[in-house]
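Data file: structure_3.pdb. Format and content: PDB, C-alpha atoms, pLDDT in the B column.
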ATOM      1  CA  MET S   1     -41.638 -15.110 -37.594  1.00 47.00           C
ATOM      2  CA  ALA S   2     -43.067 -17.354 -40.275  1.00 65.00           C
ATOM      3  CA  TYR S   3     -43.024 -16.277 -43.884  1.00 71.00           C
ATOM      4  CA  GLN S   4     -43.231 -18.102 -47.196  1.00 82.00           C
ATOM      5  CA  SER S   5     -41.340 -15.587 -49.317  1.00 91.00           C
ATOM      6  CA  PHE S   6     -39.578 -12.255 -48.954  1.00 95.00           C
ATOM      7  CA  GLU S   7     -42.651 -10.641 -50.514  1.00 96.00           C
ATOM      8  CA  ASP S   8     -44.519 -11.500 -47.296  1.00 95.00           C
ATOM      9  CA  LEU S   9     -42.141  -9.438 -45.155  1.00 97.00           C
ATOM     10  CA  GLU S  10     -43.524  -6.043 -44.156  1.00 97.00           C
ATOM     11  CA  VAL S  11     -40.010  -4.569 -44.204  1.00 98.00           C
ATOM     12  CA  TRP S  12     -39.583  -5.635 -47.846  1.00 98.00           C
ATOM     13  CA  GLN S  13     -42.999  -4.194 -48.762  1.00 98.00           C
ATOM     14  CA  ARG S  14     -42.283  -0.869 -47.056  1.00 98.00           C
ATOM     15  CA  SER S  15     -38.793  -0.561 -48.493  1.00 98.00           C
ATOM     16  CA  SER S  16     -40.185  -1.303 -51.963  1.00 98.00           C
ATOM     17  CA  ARG S  17     -42.732   1.498 -51.528  1.00 98.00           C
ATOM     18  CA  LEU S  18     -39.927   3.772 -50.320  1.00 98.00           C
ATOM     19  CA  SER S  19     -37.921   2.971 -53.439  1.00 98.00           C
ATOM     20  CA  VAL S  20     -40.868   3.960 -55.635  1.00 97.00           C
ATOM     21  CA  ALA S  21     -41.282   7.199 -53.641  1.00 96.00           C
ATOM     22  CA  ILE S  22     -37.584   7.974 -54.145  1.00 97.00           C
ATOM     23  CA  PHE S  23     -37.910   7.544 -57.914  1.00 96.00           C
ATOM     24  CA  GLN S  24     -40.970   9.807 -57.940  1.00 95.00           C
ATOM     25  CA  ASN S  25     -39.524  12.504 -55.662  1.00 94.00           C
ATOM     26  CA  PHE S  26     -36.222  12.755 -57.515  1.00 96.00           C
ATOM     27  CA  GLU S  27     -37.481  12.353 -61.072  1.00 94.00           C
ATOM     28  CA  ASN S  28     -36.645  15.954 -61.998  1.00 92.00           C
ATOM     29  CA  CYS S  29     -33.460  16.309 -59.963  1.00 93.00           C
ATOM     30  CA  LYS S  30     -30.938  18.346 -61.945  1.00 95.00           C
ATOM     31  CA  PHE S  31     -28.005  16.870 -60.011  1.00 96.00           C
ATOM     32  CA  PHE S  32     -27.706  13.675 -62.045  1.00 96.00           C
ATOM     33  CA  THR S  33     -25.078  12.010 -59.877  1.00 96.00           C
ATOM     34  CA  LEU S  34     -27.163  12.588 -56.742  1.00 97.00           C
ATOM     35  CA  ARG S  35     -30.326  11.395 -58.482  1.00 97.00           C
ATOM     36  CA  ASP S  36     -28.653   8.216 -59.720  1.00 97.00           C
ATOM     37  CA  GLN S  37     -26.979   7.460 -56.397  1.00 97.00           C
ATOM     38  CA  ILE S  38     -30.111   8.084 -54.362  1.00 98.00           C
ATOM     39  CA  ARG S  39     -32.068   5.793 -56.676  1.00 97.00           C
ATOM     40  CA  ARG S  40     -29.426   3.066 -56.372  1.00 98.00           C
ATOM     41  CA  SER S  41     -29.367   3.195 -52.584  1.00 98.00           C
ATOM     42  CA  GLY S  42     -33.171   3.189 -52.483  1.00 98.00           C
ATOM     43  CA  LEU S  43     -33.312   0.146 -54.782  1.00 98.00           C
ATOM     44  CA  SER S  44     -30.637  -1.614 -52.786  1.00 98.00           C
ATOM     45  CA  ILE S  45     -32.711  -1.859 -49.601  1.00 98.00           C
ATOM     46  CA  PRO S  46     -35.495  -4.211 -50.812  1.00 98.00           C
ATOM     47  CA  SER S  47     -33.133  -5.923 -53.260  1.00 98.00           C
ATOM     48  CA  ASN S  48     -30.761  -7.009 -50.493  1.00 98.00           C
ATOM     49  CA  ILE S  49     -33.666  -8.208 -48.360  1.00 98.00           C
ATOM     50  CA  ALA S  50     -34.837 -10.371 -51.265  1.00 97.00           C
ATOM     51  CA  GLU S  51     -31.385 -11.686 -52.074  1.00 97.00           C
ATOM     52  CA  GLY S  52     -30.638 -12.573 -48.465  1.00 96.00           C
ATOM     53  CA  ALA S  53     -33.976 -14.311 -47.977  1.00 95.00           C
ATOM     54  CA  GLU S  54     -33.358 -16.466 -51.025  1.00 95.00           C
ATOM     55  CA  ARG S  55     -29.829 -17.486 -49.986  1.00 92.00           C
ATOM     56  CA  GLY S  56     -31.125 -20.261 -47.784  1.00 84.00           C
ATOM     57  CA  SER S  57     -29.166 -19.729 -44.582  1.00 92.00           C
ATOM     58  CA  ALA S  58     -29.919 -17.584 -41.560  1.00 93.00           C
ATOM     59  CA  LYS S  59     -26.347 -16.310 -41.492  1.00 94.00           C
ATOM     60  CA  ASP S  60     -26.527 -15.141 -45.125  1.00 95.00           C
ATOM     61  CA  PHE S  61     -29.944 -13.574 -44.591  1.00 96.00           C
ATOM     62  CA  ALA S  62     -28.699 -11.650 -41.549  1.00 96.00           C
ATOM     63  CA  HIS S  63     -25.644 -10.533 -43.520  1.00 97.00           C
ATOM     64  CA  PHE S  64     -27.784  -9.159 -46.352  1.00 97.00           C
ATOM     65  CA  LEU S  65     -30.081  -7.429 -43.866  1.00 98.00           C
ATOM     66  CA  ASN S  66     -26.962  -5.592 -42.676  1.00 97.00           C
ATOM     67  CA  PHE S  67     -26.332  -4.499 -46.272  1.00 98.00           C
ATOM     68  CA  SER S  68     -29.920  -3.221 -46.405  1.00 98.00           C
ATOM     69  CA  LYS S  69     -29.392  -1.273 -43.171  1.00 98.00           C
ATOM     70  CA  GLY S  70     -26.271   0.290 -44.653  1.00 98.00           C
ATOM     71  CA  SER S  71     -28.160   1.271 -47.791  1.00 98.00           C
ATOM     72  CA  CYS S  72     -30.897   2.745 -45.612  1.00 98.00           C
ATOM     73  CA  ALA S  73     -28.348   4.937 -43.818  1.00 98.00           C
ATOM     74  CA  GLU S  74     -26.807   5.888 -47.151  1.00 98.00           C
ATOM     75  CA  LEU S  75     -30.225   6.873 -48.503  1.00 98.00           C
ATOM     76  CA  ARG S  76     -31.015   8.902 -45.396  1.00 98.00           C
ATOM     77  CA  THR S  77     -27.724  10.791 -45.763  1.00 98.00           C
ATOM     78  CA  GLN S  78     -28.458  11.527 -49.417  1.00 98.00           C
ATOM     79  CA  VAL S  79     -31.935  12.826 -48.566  1.00 97.00           C
ATOM     80  CA  TYR S  80     -30.393  15.193 -45.993  1.00 97.00           C
ATOM     81  CA  ILE S  81     -27.984  16.446 -48.657  1.00 97.00           C
ATOM     82  CA  ALA S  82     -30.771  16.784 -51.234  1.00 97.00           C
ATOM     83  CA  ARG S  83     -32.757  18.870 -48.754  1.00 96.00           C
ATOM     84  CA  LYS S  84     -29.779  21.185 -48.201  1.00 96.00           C
ATOM     85  CA  LEU S  85     -29.439  21.535 -51.980  1.00 96.00           C
ATOM     86  CA  LYS S  86     -33.185  22.322 -52.147  1.00 95.00           C
ATOM     87  CA  VAL S  87     -33.774  19.364 -54.452  1.00 94.00           C
ATOM     88  CA  VAL S  88     -36.576  18.087 -52.250  1.00 93.00           C
ATOM     89  CA  GLU S  89     -39.034  19.954 -50.062  1.00 92.00           C
ATOM     90  CA  LYS S  90     -38.431  19.849 -46.319  1.00 93.00           C
ATOM     91  CA  SER S  91     -41.798  18.192 -45.643  1.00 93.00           C
ATOM     92  CA  ASP S  92     -41.105  15.493 -48.254  1.00 93.00           C
ATOM     93  CA  SER S  93     -37.607  14.904 -46.933  1.00 95.00           C
ATOM     94  CA  GLU S  94     -38.883  14.573 -43.372  1.00 96.00           C
ATOM     95  CA  GLY S  95     -41.271  11.819 -44.452  1.00 96.00           C
ATOM     96  CA  LEU S  96     -38.531   9.991 -46.351  1.00 97.00           C
ATOM     97  CA  ILE S  97     -36.104  10.314 -43.444  1.00 97.00           C
ATOM     98  CA  ALA S  98     -38.680   9.052 -40.948  1.00 98.00           C
ATOM     99  CA  GLU S  99     -39.419   6.064 -43.164  1.00 98.00           C
ATOM    100  CA  THR S 100     -35.718   5.180 -43.493  1.00 98.00           C
ATOM    101  CA  LYS S 101     -35.385   5.272 -39.701  1.00 98.00           C
ATOM    102  CA  GLU S 102     -38.386   2.980 -39.231  1.00 98.00           C
ATOM    103  CA  ILE S 103     -37.211   0.575 -41.916  1.00 98.00           C
ATOM    104  CA  SER S 104     -33.740   0.495 -40.390  1.00 98.00           C
ATOM    105  CA  ALA S 105     -35.225  -0.433 -37.004  1.00 98.00           C
ATOM    106  CA  MET S 106     -37.350  -3.132 -38.637  1.00 98.00           C
ATOM    107  CA  LEU S 107     -34.291  -4.537 -40.403  1.00 98.00           C
ATOM    108  CA  GLU S 108     -32.385  -4.711 -37.124  1.00 97.00           C
ATOM    109  CA  GLY S 109     -35.284  -6.417 -35.369  1.00 97.00           C
ATOM    110  CA  LEU S 110     -35.602  -8.982 -38.151  1.00 96.00           C
ATOM    111  CA  ARG S 111     -31.834  -9.567 -38.187  1.00 97.00           C
ATOM    112  CA  ARG S 112     -31.761 -10.197 -34.436  1.00 96.00           C
ATOM    113  CA  SER S 113     -34.775 -12.483 -34.635  1.00 95.00           C
ATOM    114  CA  ILE S 114     -33.226 -14.562 -37.412  1.00 94.00           C
ATOM    115  CA  LEU S 115     -29.920 -14.879 -35.579  1.00 94.00           C
ATOM    116  CA  ALA S 116     -31.643 -15.787 -32.300  1.00 94.00           C
ATOM    117  CA  LYS S 117     -33.719 -18.506 -33.961  1.00 88.00           C
ATOM    118  CA  SER S 118     -30.662 -19.766 -35.802  1.00 83.00           C
ATOM    119  CA  GLY S 119     -28.713 -19.928 -32.526  1.00 75.00           C
ATOM    120  CA  ALA S 120     -31.541 -21.814 -30.827  1.00 58.00           C
ATOM    121  CA  LYS S 121     -31.641 -24.345 -33.682  1.00 61.00           C
ATOM    122  CA  GLN S 122     -27.890 -24.836 -33.458  1.00 60.00           C
ATOM    123  CA  LYS S 123     -28.111 -25.452 -29.692  1.00 59.00           C
ATOM    124  CA  ARG S 124     -30.883 -28.034 -30.147  1.00 56.00           C
ATOM    125  CA  ALA S 125     -28.914 -29.806 -32.875  1.00 56.00           C
ATOM    126  CA  SER S 126     -25.822 -29.799 -30.694  1.00 57.00           C
ATOM    127  CA  ARG S 127     -27.779 -31.340 -27.780  1.00 58.00           C
ATOM    128  CA  ARG S 128     -29.153 -34.038 -30.096  1.00 59.00           C
ATOM    129  CA  ARG S 129     -25.641 -34.900 -31.279  1.00 58.00           C
ATOM    130  CA  LEU S 130     -24.489 -35.151 -27.671  1.00 59.00           C
ATOM    131  CA  LYS S 131     -27.365 -37.528 -26.829  1.00 63.00           C
ATOM    132  CA  LEU S 132     -26.575 -39.694 -29.857  1.00 66.00           C
ATOM    133  CA  ASN S 133     -22.917 -39.921 -28.882  1.00 66.00           C
ATOM    134  CA  THR S 134     -23.634 -41.058 -25.304  1.00 61.00           C
TER     135      THR S 134
END
Written as structure tokens, how would this file's structure read?
Amino acid sequence: MAYQSFEDLEVWQRSSRLSVAIFQNFENCKFFTLRDQIRRSGLSIPSNIAEGAERGSAKDFAHFLNFSKGSCAELRTQVYIARKLKVVEKSDSEGLIAETKEISAMLEGLRRSILAKSGAKQKRASRRRLKLNT
């Protein structure tokens, strides 16, 4: 997958939109600790994608995509709890939960793709070194 910047990645764009939706949906939440934590986990998803992409290595990028996946699961858990506390409507929570599941799958697909390409590059470089040494 070719991209110039993290802003080009659909998973970053969608997770950024999700973060905005979280801020909007929980603006009037009376449970301040829940509101703050849910906002932090929502912000963490696109932020970790961006940070990992800018690190410069496939291994670092994959590592930060794992952080994003963890934040996605954390956010999904908090939305379930918010629904049980009647902080968010069931229909709204279902949309947020579905989006976190899709984003999580996208993150995993991107992570695997990056690691596979990185592994292929390492194999080619290793073969070139072997040819040079013979």
List as JSON lines every residue of segment 44-109 of chain S that is in contact with segment 14-31 of chain S, defined as an atom at most 7 Å from one of its atoms (using only C-alpha atoms), together with the nearest atom pair and the distance in Å rounded to one decimal, sorted by chain and then rising number.
{"residue": "S:Ile45", "atom": "CA", "partner": "S:Ser15", "partner_atom": "CA", "distance": 6.3}
{"residue": "S:Pro46", "atom": "CA", "partner": "S:Ser15", "partner_atom": "CA", "distance": 5.4}
{"residue": "S:Val87", "atom": "CA", "partner": "S:Cys29", "partner_atom": "CA", "distance": 6.3}
{"residue": "S:Ile103", "atom": "CA", "partner": "S:Ser15", "partner_atom": "CA", "distance": 6.9}
Item checked: Counting all atoms listed in the file, the option among S:Ser44, S:Ser5, S:Leu115, S:Ser104 closest to Asp60 of chain S ->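 Of S:Ser44, S:Ser5, S:Leu115, S:Ser104, the one nearest Asp60 of chain S is S:Leu115, counting all atoms listed in the file.
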Notebook entry, point to check: Leu107 of chain S: which residues within 10 Å, counting all atoms listed in the file, same-chain residues fewer than 6 positions away excluded, as a count of residues only?
Noted result: 14
Next item on the list: Between atom CA of Asn48 of chain S and atom CA of Gly70 of chain S, measure the distance and give it in Å to one decimal.
Entry: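 Computed distance, atom CA of Asn48 of chain S to atom CA of Gly70 of chain S, equals 10.4 Å.
The two atoms in question, atom CA of Lys117 of chain S and atom CA of Phe6 of chain S, are spaced 17.3 Å apart.
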Check: What separation in Å, quoted to one decimal, exists between atom CA of Gly42 of chain S and atom CA of Leu75 of chain S?
Finding: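 These two atoms are separated by 6.2 Å.
When only C-alpha atoms are used to compute distances to Gln78 of chain S, the closest of the residues S:Ile38, S:Ser118, S:Lys90, S:Leu9 turns out to be S:Ile38.
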Next item on the list: Between S:Leu43, S:Ala73, S:Ala98, S:Leu34, single out the one closest to Leu85 of chain S, counting all atoms listed in the file.
Entry: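 So, comparing all the options, the nearest one is S:Leu34.
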Write out as AutoDock Vina command-line options an axis-aligned box for segment 30-48 of chain S: all of its atoms listed in the file, 4 Å added on each side, centre and edge lengths in Å with one decimal.
--center_x -30.3 --center_y 5.7 --center_z -55.8 --size_x 18.4 --size_y 33.4 --size_z 20.4
Next item on the list: Write out as a ChimeraX atom specification which residues come within 12 Å of Gln4 of chain S when counting all atoms listed in the file, dropping same-chain ones fewer than 4 positions away.
Entry: /S:8-9,53-54
Please write C-alpha atoms of segment 7-126 of chain S, from the structure given just now, as a CSV table (one decimal), in the first residue's frame.
chain,number,residue,atom,x,y,z
S,7,GLU,CA,-3.3,11.6,6.5
S,8,ASP,CA,-3.7,9.5,3.3
S,9,LEU,CA,-4.5,6.4,5.3
S,10,GLU,CA,-8.3,5.6,5.4
S,11,VAL,CA,-7.9,4.1,8.8
S,12,TRP,CA,-6.4,7.4,10.2
S,13,GLN,CA,-9.2,9.4,8.5
S,14,ARG,CA,-12.0,7.1,9.9
S,15,SER,CA,-10.5,7.0,13.4
S,16,SER,CA,-10.2,10.8,13.4
S,17,ARG,CA,-13.9,11.1,12.5
S,18,LEU,CA,-14.6,8.6,15.3
S,19,SER,CA,-12.7,10.7,17.7
S,20,VAL,CA,-14.8,13.8,16.8
S,21,ALA,CA,-18.0,11.8,17.1
S,22,ILE,CA,-16.9,10.7,20.6
S,23,PHE,CA,-16.3,14.3,21.7
S,24,GLN,CA,-19.8,15.2,20.3
S,25,ASN,CA,-21.7,12.3,21.8
S,26,PHE,CA,-20.2,12.6,25.2
S,27,GLU,CA,-20.1,16.4,25.5
S,28,ASN,CA,-22.8,16.5,28.2
S,29,CYS,CA,-21.8,13.3,30.1
S,30,LYS,CA,-22.2,13.8,33.8
S,31,PHE,CA,-19.7,11.1,34.6
S,32,PHE,CA,-16.6,13.2,34.2
S,33,THR,CA,-14.1,10.4,34.6
S,34,LEU,CA,-15.8,8.3,32.0
S,35,ARG,CA,-16.1,11.3,29.7
S,36,ASP,CA,-12.4,12.1,30.0
S,37,GLN,CA,-11.3,8.5,29.6
S,38,ILE,CA,-13.5,7.9,26.6
S,39,ARG,CA,-12.2,11.0,25.0
S,40,ARG,CA,-8.6,10.0,25.7
S,41,SER,CA,-9.0,6.5,24.2
S,42,GLY,CA,-10.8,8.0,21.2
S,43,LEU,CA,-8.0,10.5,20.6
S,44,SER,CA,-5.3,7.8,21.1
S,45,ILE,CA,-6.4,5.8,18.0
S,46,PRO,CA,-5.5,8.3,15.3
S,47,SER,CA,-2.7,9.8,17.3
S,48,ASN,CA,-0.9,6.4,17.6
S,49,ILE,CA,-1.4,5.8,13.8
S,50,ALA,CA,0.2,9.2,13.1
S,51,GLU,CA,3.1,8.7,15.5
S,52,GLY,CA,3.9,5.2,14.3
S,53,ALA,CA,3.8,6.3,10.6
S,54,GLU,CA,6.3,9.1,11.4
S,55,ARG,CA,8.7,6.9,13.2
S,56,GLY,CA,10.4,5.7,10.0
S,57,SER,CA,10.5,2.0,10.5
S,58,ALA,CA,8.0,-0.8,9.7
S,59,LYS,CA,8.6,-2.4,13.1
S,60,ASP,CA,7.8,0.8,15.0
S,61,PHE,CA,4.8,1.5,12.8
S,62,ALA,CA,3.4,-2.0,13.4
S,63,HIS,CA,4.0,-1.5,17.1
S,64,PHE,CA,2.1,1.7,17.2
S,65,LEU,CA,-0.8,0.2,15.2
S,66,ASN,CA,-1.0,-2.4,18.0
S,67,PHE,CA,-1.4,0.5,20.5
S,68,SER,CA,-4.2,1.9,18.3
S,69,LYS,CA,-5.9,-1.5,18.3
S,70,GLY,CA,-5.7,-1.6,22.1
S,71,SER,CA,-7.1,1.9,22.3
S,72,CYS,CA,-9.9,0.9,20.0
S,73,ALA,CA,-10.8,-2.0,22.3
S,74,GLU,CA,-10.6,0.3,25.3
S,75,LEU,CA,-13.0,2.7,23.6
S,76,ARG,CA,-15.4,0.0,22.6
S,77,THR,CA,-15.5,-1.2,26.3
S,78,GLN,CA,-16.2,2.3,27.5
S,79,VAL,CA,-19.0,2.7,25.0
S,80,TYR,CA,-20.6,-0.5,26.3
S,81,ILE,CA,-20.3,0.8,29.9
S,82,ALA,CA,-21.7,4.2,28.9
S,83,ARG,CA,-24.7,2.5,27.3
S,84,LYS,CA,-25.4,0.5,30.4
S,85,LEU,CA,-25.2,3.8,32.4
S,86,LYS,CA,-27.6,5.4,29.9
S,87,VAL,CA,-25.1,8.0,29.0
S,88,VAL,CA,-25.5,7.3,25.3
S,89,GLU,CA,-28.5,6.1,23.3
S,90,LYS,CA,-28.4,2.4,22.2
S,91,SER,CA,-28.6,3.4,18.6
S,92,ASP,CA,-25.7,5.8,18.9
S,93,SER,CA,-23.6,3.3,20.9
S,94,GLU,CA,-24.3,0.6,18.3
S,95,GLY,CA,-22.9,2.8,15.5
S,96,LEU,CA,-19.8,3.7,17.6
S,97,ILE,CA,-19.2,0.0,18.5
S,98,ALA,CA,-19.5,-1.0,14.9
S,99,GLU,CA,-17.1,1.6,13.8
S,100,THR,CA,-14.5,0.6,16.4
S,101,LYS,CA,-14.8,-3.0,15.2
S,102,GLU,CA,-14.2,-2.0,11.6
S,103,ILE,CA,-11.3,0.3,12.5
S,104,SER,CA,-9.7,-2.5,14.6
S,105,ALA,CA,-9.9,-4.9,11.6
S,106,MET,CA,-8.4,-2.2,9.3
S,107,LEU,CA,-5.6,-1.6,11.8
S,108,GLU,CA,-4.8,-5.4,11.9
S,109,GLY,CA,-4.8,-5.6,8.1
S,110,LEU,CA,-2.5,-2.6,7.8
S,111,ARG,CA,-0.2,-4.0,10.5
S,112,ARG,CA,0.0,-7.4,8.8
S,113,SER,CA,0.7,-5.7,5.4
S,114,ILE,CA,3.5,-3.6,6.8
S,115,LEU,CA,5.1,-6.5,8.5
S,116,ALA,CA,4.8,-8.7,5.4
S,117,LYS,CA,6.4,-6.0,3.2
S,118,SER,CA,9.1,-5.4,5.8
S,119,GLY,CA,9.9,-9.2,5.9
S,120,ALA,CA,10.0,-9.4,2.1
S,121,LYS,CA,12.5,-6.4,2.0
S,122,GLN,CA,14.6,-8.1,4.7
S,123,LYS,CA,14.7,-11.3,2.7
S,124,ARG,CA,15.7,-9.5,-0.5
S,125,ALA,CA,18.5,-7.6,1.3
S,126,SER,CA,19.7,-10.8,2.9
